[in-house]
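> Next comes final_28.txt, compact mmCIF, C-alpha atoms and all ligand atoms:
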```txt
# COMPACT_ATOMS: atom_id res chain seq x y z
CA MET A 1 -15.22 -40.62 -45.55
CA ARG A 2 -11.81 -41.25 -47.15
CA VAL A 3 -11.77 -41.23 -50.95
CA LEU A 4 -8.82 -42.22 -53.12
CA VAL A 5 -9.12 -40.35 -56.43
CA THR A 6 -6.88 -41.22 -59.38
CA GLY A 7 -6.29 -38.55 -62.04
CA GLY A 8 -7.27 -35.75 -59.66
CA ALA A 9 -4.96 -33.25 -61.38
CA GLY A 10 -6.87 -33.64 -64.65
CA PHE A 11 -9.92 -31.80 -65.91
CA ILE A 12 -12.75 -33.89 -64.40
CA GLY A 13 -10.65 -35.26 -61.55
CA SER A 14 -9.83 -31.77 -60.27
CA ALA A 15 -13.51 -30.76 -60.39
CA LEU A 16 -14.30 -33.92 -58.44
CA VAL A 17 -11.57 -33.31 -55.83
CA ARG A 18 -12.74 -29.72 -55.33
CA HIS A 19 -16.32 -30.99 -54.91
CA LEU A 20 -15.41 -33.75 -52.45
CA VAL A 21 -13.15 -31.59 -50.28
CA LEU A 22 -14.93 -28.23 -50.38
CA GLU A 23 -18.62 -29.26 -50.69
CA LYS A 24 -18.65 -32.67 -49.00
CA GLY A 25 -15.87 -32.33 -46.42
CA TYR A 26 -14.34 -35.71 -47.41
CA GLU A 27 -10.72 -36.65 -46.91
CA VAL A 28 -9.16 -37.10 -50.37
CA LEU A 29 -5.91 -38.67 -51.54
CA ASN A 30 -5.19 -37.67 -55.14
CA ILE A 31 -2.91 -40.06 -57.03
CA ASP A 32 -1.69 -38.60 -60.31
CA LYS A 33 1.36 -39.11 -62.51
CA LEU A 34 1.20 -35.48 -63.72
CA THR A 35 1.39 -36.19 -67.44
CA TYR A 36 1.04 -33.24 -69.83
CA ALA A 37 -2.68 -33.22 -68.87
CA GLY A 38 -2.15 -33.05 -65.12
CA THR A 39 -1.97 -29.55 -63.63
CA LEU A 40 -1.70 -28.99 -59.90
CA THR A 41 -2.72 -25.36 -60.41
CA SER A 42 -6.27 -26.69 -60.95
CA LEU A 43 -6.22 -27.66 -57.27
CA GLN A 44 -5.08 -24.36 -55.76
CA THR A 45 -8.31 -23.99 -53.78
CA VAL A 46 -7.71 -27.27 -51.93
CA ALA A 47 -3.91 -27.49 -51.90
CA ASP A 48 -3.55 -26.28 -48.30
CA ASN A 49 -6.71 -27.93 -47.00
CA PRO A 50 -5.91 -30.54 -44.30
CA LEU A 51 -8.50 -32.87 -45.89
CA TYR A 52 -6.46 -33.02 -49.12
CA SER A 53 -3.24 -34.89 -49.90
CA PHE A 54 -1.39 -35.63 -53.11
CA ARG A 55 0.88 -38.45 -54.17
CA ARG A 56 2.66 -38.36 -57.53
CA ALA A 57 2.61 -41.91 -58.87
CA ASP A 58 1.83 -43.97 -61.96
CA ILE A 59 -1.28 -46.16 -61.64
CA CYS A 60 0.65 -48.90 -63.50
CA ASP A 61 3.07 -49.09 -60.54
CA ALA A 62 1.61 -51.95 -58.47
CA LEU A 63 3.92 -51.45 -55.48
CA ALA A 64 3.16 -47.73 -55.28
CA MET A 65 -0.58 -48.44 -55.48
CA GLU A 66 -0.36 -51.10 -52.77
CA ALA A 67 1.52 -48.69 -50.50
CA ALA A 68 -1.07 -45.97 -51.12
CA PHE A 69 -3.94 -48.28 -50.13
CA GLU A 70 -2.14 -49.44 -46.99
CA SER A 71 -1.27 -45.96 -45.76
CA PHE A 72 -4.44 -44.04 -46.76
CA ARG A 73 -6.94 -46.87 -46.12
CA PRO A 74 -9.75 -45.52 -48.32
CA ASP A 75 -13.48 -46.20 -47.93
CA ARG A 76 -13.93 -45.56 -51.62
CA VAL A 77 -11.95 -45.35 -54.88
CA MET A 78 -12.92 -43.07 -57.74
CA HIS A 79 -10.74 -44.02 -60.70
CA LEU A 80 -10.37 -41.31 -63.34
CA ALA A 81 -6.68 -41.43 -64.32
CA ALA A 82 -6.46 -42.05 -68.05
CA GLU A 83 -5.10 -40.87 -71.34
CA SER A 84 -8.18 -39.02 -72.57
CA HIS A 85 -7.63 -37.37 -75.96
CA VAL A 86 -8.87 -39.19 -79.08
CA ASP A 87 -6.54 -37.31 -81.45
CA ARG A 88 -3.45 -38.23 -79.40
CA SER A 89 -4.59 -41.87 -79.41
CA ILE A 90 -4.60 -41.81 -83.22
CA THR A 91 -0.96 -40.66 -83.46
CA GLY A 92 0.32 -42.78 -80.56
CA SER A 93 -1.76 -45.45 -78.88
CA ARG A 94 0.72 -47.28 -76.62
CA GLN A 95 0.31 -44.97 -73.64
CA PHE A 96 -3.47 -45.38 -73.92
CA ILE A 97 -3.18 -49.15 -73.63
CA GLU A 98 -0.69 -48.88 -70.79
CA THR A 99 -2.53 -46.37 -68.63
CA ASN A 100 -6.14 -47.15 -69.50
CA VAL A 101 -5.92 -50.94 -69.66
CA ILE A 102 -2.88 -52.00 -67.58
CA GLY A 103 -3.33 -49.07 -65.19
CA THR A 104 -6.99 -49.94 -64.56
CA TYR A 105 -6.05 -53.60 -64.09
CA THR A 106 -3.36 -52.56 -61.59
CA MET A 107 -5.83 -50.37 -59.67
CA LEU A 108 -8.46 -53.12 -59.60
CA GLU A 109 -5.98 -55.66 -58.25
CA ALA A 110 -4.47 -53.31 -55.63
CA ALA A 111 -7.97 -52.31 -54.50
CA ARG A 112 -9.25 -55.90 -54.42
CA ARG A 113 -6.34 -57.09 -52.26
CA TYR A 114 -6.83 -54.24 -49.84
CA TRP A 115 -10.64 -54.84 -49.77
CA GLN A 116 -10.19 -58.53 -49.05
CA GLY A 117 -8.28 -57.67 -45.89
CA LEU A 118 -10.97 -55.34 -44.52
CA ALA A 119 -13.26 -56.19 -41.62
CA ASP A 120 -16.83 -57.14 -42.67
CA ARG A 121 -18.44 -53.73 -42.09
CA GLU A 122 -15.78 -51.80 -44.05
CA LYS A 123 -15.76 -54.49 -46.71
CA ASP A 124 -19.53 -54.12 -47.26
CA ALA A 125 -19.32 -50.34 -47.47
CA PHE A 126 -16.31 -50.22 -49.83
CA ARG A 127 -16.90 -49.07 -53.43
CA PHE A 128 -14.72 -48.76 -56.55
CA LEU A 129 -16.17 -46.34 -59.12
CA HIS A 130 -14.64 -46.82 -62.55
CA VAL A 131 -15.16 -43.61 -64.55
CA SER A 132 -15.62 -44.06 -68.28
CA THR A 133 -16.97 -42.52 -71.44
CA ASP A 134 -19.95 -42.87 -73.78
CA GLU A 135 -17.44 -43.28 -76.63
CA VAL A 136 -17.28 -47.02 -75.81
CA TYR A 137 -20.71 -47.34 -77.49
CA GLY A 138 -19.39 -46.14 -80.86
CA SER A 139 -21.37 -43.87 -83.14
CA LEU A 140 -25.10 -43.16 -83.36
CA GLY A 141 -26.99 -42.33 -86.53
CA ALA A 142 -29.50 -39.50 -86.65
CA GLU A 143 -31.87 -41.22 -84.21
CA GLY A 144 -31.59 -42.99 -80.86
CA LEU A 145 -29.67 -42.61 -77.61
CA PHE A 146 -27.00 -44.62 -75.76
CA ALA A 147 -28.57 -46.67 -72.96
CA GLU A 148 -26.68 -48.76 -70.41
CA THR A 149 -27.69 -51.81 -72.46
CA THR A 150 -26.25 -50.50 -75.77
CA ALA A 151 -23.60 -52.88 -77.15
CA TYR A 152 -20.00 -51.66 -77.03
CA ASP A 153 -18.58 -50.71 -80.45
CA PRO A 154 -15.58 -48.43 -79.91
CA SER A 155 -14.02 -46.64 -82.91
CA SER A 156 -10.76 -45.03 -81.75
CA PRO A 157 -7.73 -46.39 -79.90
CA TYR A 158 -8.88 -44.19 -76.98
CA SER A 159 -12.42 -45.58 -76.83
CA ALA A 160 -11.18 -49.15 -77.43
CA SER A 161 -8.80 -48.82 -74.48
CA LYS A 162 -11.63 -47.43 -72.30
CA ALA A 163 -13.91 -50.28 -73.42
CA GLY A 164 -11.20 -52.75 -72.38
CA SER A 165 -10.92 -51.10 -68.97
CA ASP A 166 -14.72 -51.17 -68.50
CA PHE A 167 -14.79 -54.90 -69.26
CA LEU A 168 -12.02 -55.50 -66.73
CA ALA A 169 -13.94 -53.56 -64.06
CA LYS A 170 -17.15 -55.50 -64.76
CA ALA A 171 -15.27 -58.82 -64.74
CA TRP A 172 -13.80 -57.99 -61.31
CA ALA A 173 -17.37 -57.54 -60.00
CA ARG A 174 -18.65 -60.80 -61.51
CA THR A 175 -15.61 -62.96 -60.80
CA TYR A 176 -14.51 -61.72 -57.39
CA GLY A 177 -17.69 -60.09 -56.09
CA PHE A 178 -15.58 -56.91 -55.94
CA PRO A 179 -17.88 -53.87 -55.41
CA VAL A 180 -17.37 -52.06 -58.72
CA ILE A 181 -19.72 -49.53 -60.30
CA VAL A 182 -19.11 -48.14 -63.82
CA SER A 183 -20.19 -44.73 -65.12
CA ASN A 184 -20.19 -43.72 -68.80
CA CYS A 185 -20.42 -39.99 -69.43
CA SER A 186 -20.78 -37.78 -72.48
CA ASN A 187 -18.39 -34.93 -73.44
CA ASN A 188 -17.57 -32.62 -70.55
CA TYR A 189 -16.66 -28.94 -70.74
CA GLY A 190 -15.98 -26.18 -68.24
CA PRO A 191 -13.14 -24.50 -66.31
CA TYR A 192 -9.64 -26.07 -66.15
CA HIS A 193 -10.13 -27.99 -69.43
CA PHE A 194 -6.80 -28.69 -71.15
CA PRO A 195 -6.73 -26.66 -74.40
CA GLU A 196 -6.45 -29.61 -76.78
CA LYS A 197 -10.19 -30.40 -76.69
CA LEU A 198 -12.65 -28.61 -78.97
CA ILE A 199 -14.15 -26.06 -76.55
CA PRO A 200 -11.07 -24.69 -74.76
CA LEU A 201 -9.04 -24.85 -77.99
CA THR A 202 -11.67 -22.78 -79.79
CA ILE A 203 -11.87 -20.20 -76.99
CA LEU A 204 -8.11 -19.68 -76.78
CA ASN A 205 -7.45 -19.72 -80.54
CA ALA A 206 -10.25 -17.19 -80.98
CA LEU A 207 -8.82 -14.95 -78.26
CA GLU A 208 -5.42 -15.08 -79.97
CA GLY A 209 -6.92 -14.47 -83.45
CA LYS A 210 -5.81 -17.90 -84.71
CA PRO A 211 -7.80 -20.22 -87.04
CA LEU A 212 -10.58 -22.25 -85.41
CA PRO A 213 -10.16 -25.77 -86.85
CA VAL A 214 -13.44 -27.57 -87.49
CA TYR A 215 -13.04 -31.19 -88.58
CA GLY A 216 -14.89 -32.22 -91.74
CA LYS A 217 -18.11 -30.27 -92.21
CA GLY A 218 -18.63 -29.64 -88.48
CA ASP A 219 -21.84 -31.63 -88.48
CA ASN A 220 -20.70 -34.26 -85.96
CA ILE A 221 -22.78 -34.13 -82.79
CA ARG A 222 -21.63 -34.34 -79.19
CA ASP A 223 -23.80 -34.29 -76.03
CA TRP A 224 -22.25 -31.68 -73.71
CA LEU A 225 -22.21 -31.79 -69.90
CA PHE A 226 -20.83 -29.09 -67.59
CA VAL A 227 -17.99 -30.67 -65.60
CA GLU A 228 -19.40 -29.75 -62.18
CA ASP A 229 -22.64 -31.58 -63.01
CA HIS A 230 -20.50 -34.63 -63.79
CA ALA A 231 -18.60 -34.33 -60.49
CA ARG A 232 -21.90 -34.31 -58.56
CA ALA A 233 -23.13 -37.32 -60.53
CA LEU A 234 -19.96 -39.29 -59.76
CA ASP A 235 -20.27 -38.60 -56.04
CA LEU A 236 -23.92 -39.68 -56.10
CA ILE A 237 -23.20 -42.87 -58.08
CA ALA A 238 -20.36 -43.83 -55.70
CA GLU A 239 -22.63 -43.14 -52.72
CA ARG A 240 -25.91 -44.71 -53.83
CA GLY A 241 -25.32 -46.63 -57.07
CA ARG A 242 -25.87 -50.39 -57.10
CA ILE A 243 -22.83 -52.67 -57.16
CA GLY A 244 -22.08 -54.22 -60.56
CA GLU A 245 -24.28 -51.68 -62.36
CA THR A 246 -23.51 -49.14 -65.08
CA TYR A 247 -24.86 -45.57 -65.02
CA ASN A 248 -24.89 -43.33 -68.09
CA VAL A 249 -24.33 -39.64 -67.38
CA GLY A 250 -25.42 -36.86 -69.74
CA GLY A 251 -27.31 -33.59 -69.71
CA ARG A 252 -29.41 -33.89 -72.87
CA ASN A 253 -27.46 -31.12 -74.62
CA GLU A 254 -26.74 -32.32 -78.13
CA ARG A 255 -24.99 -29.82 -80.37
CA ARG A 256 -23.33 -29.94 -83.80
CA ASN A 257 -19.64 -29.00 -83.56
CA ILE A 258 -20.08 -26.06 -85.91
CA ASP A 259 -22.86 -24.69 -83.68
CA VAL A 260 -20.65 -25.04 -80.59
CA VAL A 261 -17.89 -23.09 -82.33
CA ARG A 262 -20.33 -20.41 -83.56
CA THR A 263 -21.81 -20.03 -80.06
CA ILE A 264 -18.33 -19.45 -78.61
CA CYS A 265 -17.62 -16.90 -81.37
CA ALA A 266 -20.86 -15.03 -80.62
CA LEU A 267 -20.09 -14.92 -76.87
CA LEU A 268 -16.59 -13.61 -77.54
CA ASP A 269 -17.93 -10.96 -79.92
CA THR A 270 -19.68 -9.51 -76.85
CA MET A 271 -17.20 -10.33 -74.09
CA ALA A 272 -13.92 -9.71 -75.97
CA PRO A 273 -14.76 -7.87 -79.22
CA ARG A 274 -12.22 -7.65 -82.06
CA ARG A 275 -12.39 -5.77 -85.35
CA GLU A 276 -13.80 -8.71 -87.32
CA PRO A 277 -16.42 -11.15 -85.94
CA HIS A 278 -14.71 -14.21 -84.45
CA GLU A 279 -16.62 -16.46 -86.89
CA ALA A 280 -14.29 -15.24 -89.62
CA LEU A 281 -11.60 -17.41 -87.99
CA ILE A 282 -13.50 -20.68 -88.59
CA THR A 283 -11.47 -23.00 -90.85
CA PHE A 284 -12.75 -26.35 -92.08
CA VAL A 285 -9.90 -28.90 -91.98
CA THR A 286 -9.30 -32.57 -92.89
CA ASP A 287 -11.64 -34.82 -90.93
CA ARG A 288 -10.51 -37.01 -88.04
CA PRO A 289 -10.05 -40.63 -89.18
CA GLY A 290 -12.80 -42.87 -87.78
CA HIS A 291 -14.70 -39.78 -86.61
CA ASP A 292 -17.88 -40.84 -84.72
CA ALA A 293 -20.90 -39.03 -86.16
CA ARG A 294 -23.07 -38.59 -83.09
CA TYR A 295 -23.09 -39.25 -79.33
CA ALA A 296 -26.20 -38.81 -77.17
CA ILE A 297 -26.88 -40.16 -73.70
CA ASP A 298 -30.08 -41.46 -72.19
CA ALA A 299 -29.58 -40.63 -68.49
CA THR A 300 -32.99 -41.92 -67.37
CA LYS A 301 -31.53 -44.55 -65.02
CA LEU A 302 -29.39 -42.00 -63.17
CA GLU A 303 -32.25 -39.52 -63.06
CA THR A 304 -34.96 -41.88 -61.84
CA GLU A 305 -32.94 -44.24 -59.65
CA LEU A 306 -30.62 -41.69 -58.01
CA GLY A 307 -32.52 -38.43 -58.58
CA TRP A 308 -29.66 -36.65 -60.42
CA ARG A 309 -30.33 -33.68 -62.70
CA ALA A 310 -27.88 -31.50 -64.61
CA ILE A 311 -27.99 -27.95 -63.24
CA GLU A 312 -26.41 -26.23 -66.26
CA THR A 313 -27.89 -26.11 -69.73
CA PHE A 314 -25.42 -25.74 -72.59
CA ASP A 315 -26.24 -22.03 -72.85
CA THR A 316 -25.55 -21.25 -69.18
CA GLY A 317 -22.54 -23.57 -68.98
CA ILE A 318 -20.80 -22.30 -72.11
CA GLU A 319 -21.18 -18.68 -71.02
CA LYS A 320 -19.62 -19.49 -67.61
CA THR A 321 -16.83 -21.37 -69.37
CA VAL A 322 -15.94 -18.57 -71.80
CA ARG A 323 -16.01 -16.08 -68.90
CA TRP A 324 -13.72 -18.37 -66.85
CA TYR A 325 -11.09 -18.54 -69.64
CA LEU A 326 -11.21 -14.77 -70.03
CA ASP A 327 -10.65 -14.29 -66.28
CA ASN A 328 -8.06 -17.02 -65.74
CA ALA A 329 -5.23 -16.55 -68.23
CA TRP A 330 -2.83 -17.34 -65.32
CA TRP A 331 -4.02 -20.96 -65.56
CA TRP A 332 -3.87 -21.53 -69.31
CA GLU A 333 -0.97 -19.34 -70.46
CA PRO A 334 1.75 -21.77 -69.22
CA LEU A 335 -0.11 -24.70 -70.84
CA ARG A 336 -0.32 -22.85 -74.17
CA ARG A 337 3.45 -22.33 -74.08
CA ASP A 338 3.96 -26.13 -73.91
CA TYR A 339 1.20 -26.99 -76.40
CA ASP A 340 0.23 -24.21 -78.81
CA GLY A 341 -2.91 -25.87 -80.20
CA ARG A 342 -1.34 -27.35 -83.34
CA ARG A 343 -3.34 -30.07 -85.12
CA LEU A 344 -3.11 -33.55 -83.59
CA GLY A 345 -4.47 -36.86 -84.78
CA LEU A 346 -3.59 -37.19 -88.45
CA PRO A 347 -1.82 -40.56 -88.70
CA ALA A 348 0.39 -39.61 -91.67
CA GLY A 349 1.33 -36.27 -90.06
CA GLY A 350 0.75 -32.90 -91.68
CA GLY A 351 -2.79 -32.13 -92.72
CA GLY A 352 -5.48 -29.61 -92.97
CA ARG A 353 -4.01 -26.37 -91.75
P1 LIG A 401 -7.53 -35.50 -68.37
O1 LIG A 401 -6.71 -35.94 -69.52
O2 LIG A 401 -7.85 -34.06 -68.21
O3 LIG A 401 -6.82 -35.96 -67.00
C1 LIG A 401 -6.27 -37.22 -66.82
C2 LIG A 401 -5.42 -37.20 -65.55
O4 LIG A 401 -4.89 -38.51 -65.34
C3 LIG A 401 -4.24 -36.24 -65.62
O5 LIG A 401 -4.14 -35.50 -64.43
C4 LIG A 401 -3.03 -37.17 -65.79
O6 LIG A 401 -1.84 -36.64 -65.23
C5 LIG A 401 -3.51 -38.40 -65.05
N1 LIG A 401 -2.84 -39.63 -65.53
C6 LIG A 401 -2.69 -40.03 -66.82
N2 LIG A 401 -1.99 -41.19 -66.87
C7 LIG A 401 -1.73 -41.54 -65.57
C8 LIG A 401 -1.06 -42.63 -64.97
N3 LIG A 401 -0.52 -43.61 -65.71
N4 LIG A 401 -1.00 -42.69 -63.62
C9 LIG A 401 -1.54 -41.70 -62.86
N5 LIG A 401 -2.16 -40.62 -63.38
C10 LIG A 401 -2.26 -40.55 -64.72
O7 LIG A 401 -8.84 -36.38 -68.42
P2 LIG A 401 -10.35 -35.99 -68.05
O8 LIG A 401 -10.98 -35.33 -69.21
O9 LIG A 401 -10.36 -35.32 -66.73
O10 LIG A 401 -10.99 -37.45 -67.92
C11 LIG A 401 -10.98 -38.14 -66.66
C12 LIG A 401 -11.65 -39.49 -66.84
O11 LIG A 401 -12.99 -39.31 -67.29
C13 LIG A 401 -10.97 -40.38 -67.88
O12 LIG A 401 -11.01 -41.72 -67.40
C14 LIG A 401 -11.83 -40.22 -69.12
O13 LIG A 401 -11.78 -41.38 -69.93
C15 LIG A 401 -13.19 -40.03 -68.50
N6 LIG A 401 -14.16 -39.23 -69.30
C16 LIG A 401 -13.81 -38.03 -69.84
C17 LIG A 401 -14.75 -37.28 -70.54
C18 LIG A 401 -14.41 -35.91 -71.10
O14 LIG A 401 -15.26 -35.31 -71.80
N7 LIG A 401 -13.24 -35.33 -70.84
C19 LIG A 401 -16.04 -37.76 -70.69
C20 LIG A 401 -16.37 -38.99 -70.12
C21 LIG A 401 -15.42 -39.71 -69.42
P1 LIG A 402 -12.89 -33.48 -78.64
O1 LIG A 402 -13.00 -32.26 -77.78
O2 LIG A 402 -11.53 -33.93 -79.05
O3 LIG A 402 -13.68 -34.65 -77.88
P2 LIG A 402 -14.10 -36.14 -78.41
O4 LIG A 402 -13.30 -36.45 -79.61
O5 LIG A 402 -13.72 -36.98 -77.24
O6 LIG A 402 -15.57 -36.07 -78.67
O7 LIG A 402 -13.75 -33.23 -79.95
C1 LIG A 402 -15.10 -32.89 -79.90
C2 LIG A 402 -15.61 -32.83 -81.31
O8 LIG A 402 -15.00 -31.72 -81.97
C3 LIG A 402 -15.26 -34.05 -82.14
O9 LIG A 402 -16.34 -34.33 -83.02
C4 LIG A 402 -14.03 -33.62 -82.92
C5 LIG A 402 -14.25 -32.13 -83.11
N1 LIG A 402 -13.04 -31.27 -83.13
C6 LIG A 402 -12.92 -30.29 -84.12
O10 LIG A 402 -13.79 -30.14 -85.01
N2 LIG A 402 -11.81 -29.48 -84.09
C7 LIG A 402 -10.84 -29.61 -83.15
O11 LIG A 402 -9.83 -28.85 -83.20
C8 LIG A 402 -10.98 -30.61 -82.14
C9 LIG A 402 -9.92 -30.79 -81.08
C10 LIG A 402 -12.11 -31.42 -82.17
```
Let's see the structure in the file written out as structure tokens.
Ligand code: NAD
Ligand code: TYD

Amino acid sequence: MRVLVTGGAGFIGSALVRHLVLEKGYEVLNIDKLTYAGTLTSLQTVADNPLYSFRRADICDALAMEAAFESFRPDRVMHLAAESHVDRSITGSRQFIETNVIGTYTMLEAARRYWQGLADREKDAFRFLHVSTDEVYGSLGAEGLFAETTAYDPSSPYSASKAGSDFLAKAWARTYGFPVIVSNCSNNYGPYHFPEKLIPLTILNALEGKPLPVYGKGDNIRDWLFVEDHARALDLIAERGRIGETYNVGGRNERRNIDVVRTICALLDTMAPRREPHEALITFVTDRPGHDARYAIDATKLETELGWRAIETFDTGIEKTVRWYLDNAWWWEPLRRDYDGRRLGLPAGGGGR
């Protein structure tokens, strides 16, 4: 099995590449531009594996994508490359439109041309998994869950650009019969997570005795999934999912942001004690504009149709994650030098801390 993965140097992409190479024994070509969010050190365990290869390229570069398809000749594409951080999309959205919309379009077209030239058997077996987010559904109130049938209602430039890319992927299935499957997942966390997102930012700021910024009152809810559970789900969906379908991915682990931050503080009080409890570092700051109140995934379709189950609960996964950051400063120290955790995502600049 030859799998072309885009965005394999990112957080989820690197977990997926490690899974495909080390657990499944698949041949993987990782195409990644290596933006600020791409770190080849996340792939140290596969770097010298003969099953793994890397090509630095921009997914918006049609000629480079065409050449990659022709030389690697994949059986499957798993498309993860994207600009992924909501706060960055608020301060500068152009790159989100370019990579997430134009880049996905470019990938779909390069893949479709290559697929059209395949012999019947390879053509039938070929799949293009477009990896997306539950943020395309917008915000939930206190009740209800996102199902695959929930109407799209994106709030941020990030989620709007992902919604656009999902529509393109679905249109390529309907219009060209191109074998696309779409997955929409809830918030991931785990090792090798770039320290701009809530969980790694909180862990590292707490370790360094810096303020822990909580937006608004901290009562927004996210549904957390351990990244390795997501990687297994993606492999399963690409393998056994039905063409043209959407699969929601989530582990039924809803938490308020303030409770996530307090849990991390409590773990660090035991694993890396300091004079004062870490909770004393919590600082409530100006809310994110357009901040979605609640996300929660109904993963029934994935569970019943494909037999997937999350292995980690939030309690087991967050403990593993905090432990990983404590043990792997070699990975995050260089990233912290380039981005020190300062507040992003206030359109007028400045702000709450
Ligand atoms: P990430 O930001 O950690 O990694 C993105 C990767 O894509 C990086 O390695 C980056 O270098 C690469 N990239 C960016 N622009 C590129 C371009 N133009 N050409 C080639 N490579 C490029 O993101 P992530 O958190 O790993 O997310 C991966 C995918 O999963 C994204 O499509 C995202 O929308 C989706 N997703 C993320 C989450 C989450 O909680 N992080 C949840 C659901 C879905
Ligand atoms: P984030 O990790 O950016 O993921 P997303 O916006 O894609 O859900 O944020 C998770 C939640 O945490 C979200 O409700 C915003 C909030 N948040 C904070 O309270 N403080 C922070 O410093 C960050 C980065 C996020």
> Hey, can you check how far CA of Leu43 (chain A) sits from CA of Ile199 (chain A)?
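Answer for the CA of Leu43 (chain A) to CA of Ile199 (chain A) separation: 20.9 Å.
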> Would you name the residues within 6 Å of ligand LIG 402 (chain A), counting only C-alpha atoms and all ligand atoms, and put them as a VMD selection string?
chain A and resid 86 196 to 198 213 to 215 218 220 257
> Got a sec to check which residues lie within 7 Å of ligand LIG 401 (chain A), using all atoms listed in the file, and send them as a ChimeraX atom specification?
/A:6-13,31-39,57-60,80-85,99,103,131-134,162,184-189,193-194
> For C-alpha atoms, I'd like the residues from the last selection saved as a PDB file, in the coordinates of the input.

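Listed below is the output, out.pdb:
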```pdb
ATOM      1  CA  THR A   6      -6.880 -41.220 -59.380  1.00  0.00           C
ATOM      2  CA  GLY A   7      -6.290 -38.550 -62.040  1.00  0.00           C
ATOM      3  CA  GLY A   8      -7.270 -35.750 -59.660  1.00  0.00           C
ATOM      4  CA  ALA A   9      -4.960 -33.250 -61.380  1.00  0.00           C
ATOM      5  CA  GLY A  10      -6.870 -33.640 -64.650  1.00  0.00           C
ATOM      6  CA  PHE A  11      -9.920 -31.800 -65.910  1.00  0.00           C
ATOM      7  CA  ILE A  12     -12.750 -33.890 -64.400  1.00  0.00           C
ATOM      8  CA  GLY A  13     -10.650 -35.260 -61.550  1.00  0.00           C
ATOM      9  CA  ILE A  31      -2.910 -40.060 -57.030  1.00  0.00           C
ATOM     10  CA  ASP A  32      -1.690 -38.600 -60.310  1.00  0.00           C
ATOM     11  CA  LYS A  33       1.360 -39.110 -62.510  1.00  0.00           C
ATOM     12  CA  LEU A  34       1.200 -35.480 -63.720  1.00  0.00           C
ATOM     13  CA  THR A  35       1.390 -36.190 -67.440  1.00  0.00           C
ATOM     14  CA  TYR A  36       1.040 -33.240 -69.830  1.00  0.00           C
ATOM     15  CA  ALA A  37      -2.680 -33.220 -68.870  1.00  0.00           C
ATOM     16  CA  GLY A  38      -2.150 -33.050 -65.120  1.00  0.00           C
ATOM     17  CA  THR A  39      -1.970 -29.550 -63.630  1.00  0.00           C
ATOM     18  CA  ALA A  57       2.610 -41.910 -58.870  1.00  0.00           C
ATOM     19  CA  ASP A  58       1.830 -43.970 -61.960  1.00  0.00           C
ATOM     20  CA  ILE A  59      -1.280 -46.160 -61.640  1.00  0.00           C
ATOM     21  CA  CYS A  60       0.650 -48.900 -63.500  1.00  0.00           C
ATOM     22  CA  LEU A  80     -10.370 -41.310 -63.340  1.00  0.00           C
ATOM     23  CA  ALA A  81      -6.680 -41.430 -64.320  1.00  0.00           C
ATOM     24  CA  ALA A  82      -6.460 -42.050 -68.050  1.00  0.00           C
ATOM     25  CA  GLU A  83      -5.100 -40.870 -71.340  1.00  0.00           C
ATOM     26  CA  SER A  84      -8.180 -39.020 -72.570  1.00  0.00           C
ATOM     27  CA  HIS A  85      -7.630 -37.370 -75.960  1.00  0.00           C
ATOM     28  CA  THR A  99      -2.530 -46.370 -68.630  1.00  0.00           C
ATOM     29  CA  GLY A 103      -3.330 -49.070 -65.190  1.00  0.00           C
ATOM     30  CA  VAL A 131     -15.160 -43.610 -64.550  1.00  0.00           C
ATOM     31  CA  SER A 132     -15.620 -44.060 -68.280  1.00  0.00           C
ATOM     32  CA  THR A 133     -16.970 -42.520 -71.440  1.00  0.00           C
ATOM     33  CA  ASP A 134     -19.950 -42.870 -73.780  1.00  0.00           C
ATOM     34  CA  LYS A 162     -11.630 -47.430 -72.300  1.00  0.00           C
ATOM     35  CA  ASN A 184     -20.190 -43.720 -68.800  1.00  0.00           C
ATOM     36  CA  CYS A 185     -20.420 -39.990 -69.430  1.00  0.00           C
ATOM     37  CA  SER A 186     -20.780 -37.780 -72.480  1.00  0.00           C
ATOM     38  CA  ASN A 187     -18.390 -34.930 -73.440  1.00  0.00           C
ATOM     39  CA  ASN A 188     -17.570 -32.620 -70.550  1.00  0.00           C
ATOM     40  CA  TYR A 189     -16.660 -28.940 -70.740  1.00  0.00           C
ATOM     41  CA  HIS A 193     -10.130 -27.990 -69.430  1.00  0.00           C
ATOM     42  CA  PHE A 194      -6.800 -28.690 -71.150  1.00  0.00           C
TER      43      PHE A 194
END
```
> Taking all atoms listed in the file into account, name the residue in A:Val101, A:Leu225, A:Leu63, A:Leu22 that is nearest to Asp166 (chain A).
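So, comparing all the options, the nearest one is A:Val101.
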> For Asn30 (chain A), list every protein, DNA or RNA residue within 7 Å, evaluated using all atoms listed in the file, and leave out those in the same chain fewer than 3 positions away; present the list as a PyMOL selection string.
chain A and resi 4-6+8+53-55
> For Gln95 (chain A), which of A:Ser161, A:Thr321, A:Thr283, A:Thr263 is the closest residue, counting all atoms listed in the file?
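Nearest candidate to Gln95 (chain A) out of A:Ser161, A:Thr321, A:Thr283, A:Thr263: A:Ser161.
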> Counting all atoms listed in the file, which residues have an atom no more than 8 Å from (-12.8, -40.7, -42.5) in the file's coordinates? Please list them as a list in words.
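Every residue inside that radius is included here: Met1, Arg2, Tyr26, Glu27 and Asp75 of chain A.
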> What does the structure give for the distance between CA of Gly251 (chain A) and CA of Leu268 (chain A), in Å to one decimal?
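For CA of Gly251 (chain A) relative to CA of Leu268 (chain A), the distance reads 24.0 Å.
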> Considering all atoms listed in the file, can you say which of A:Val249, A:Ala329, A:Ile258, A:Ala15 comes closest to Leu306 (chain A)?
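Ranking A:Val249, A:Ala329, A:Ile258, A:Ala15 by distance to Leu306 (chain A), first place goes to A:Val249.
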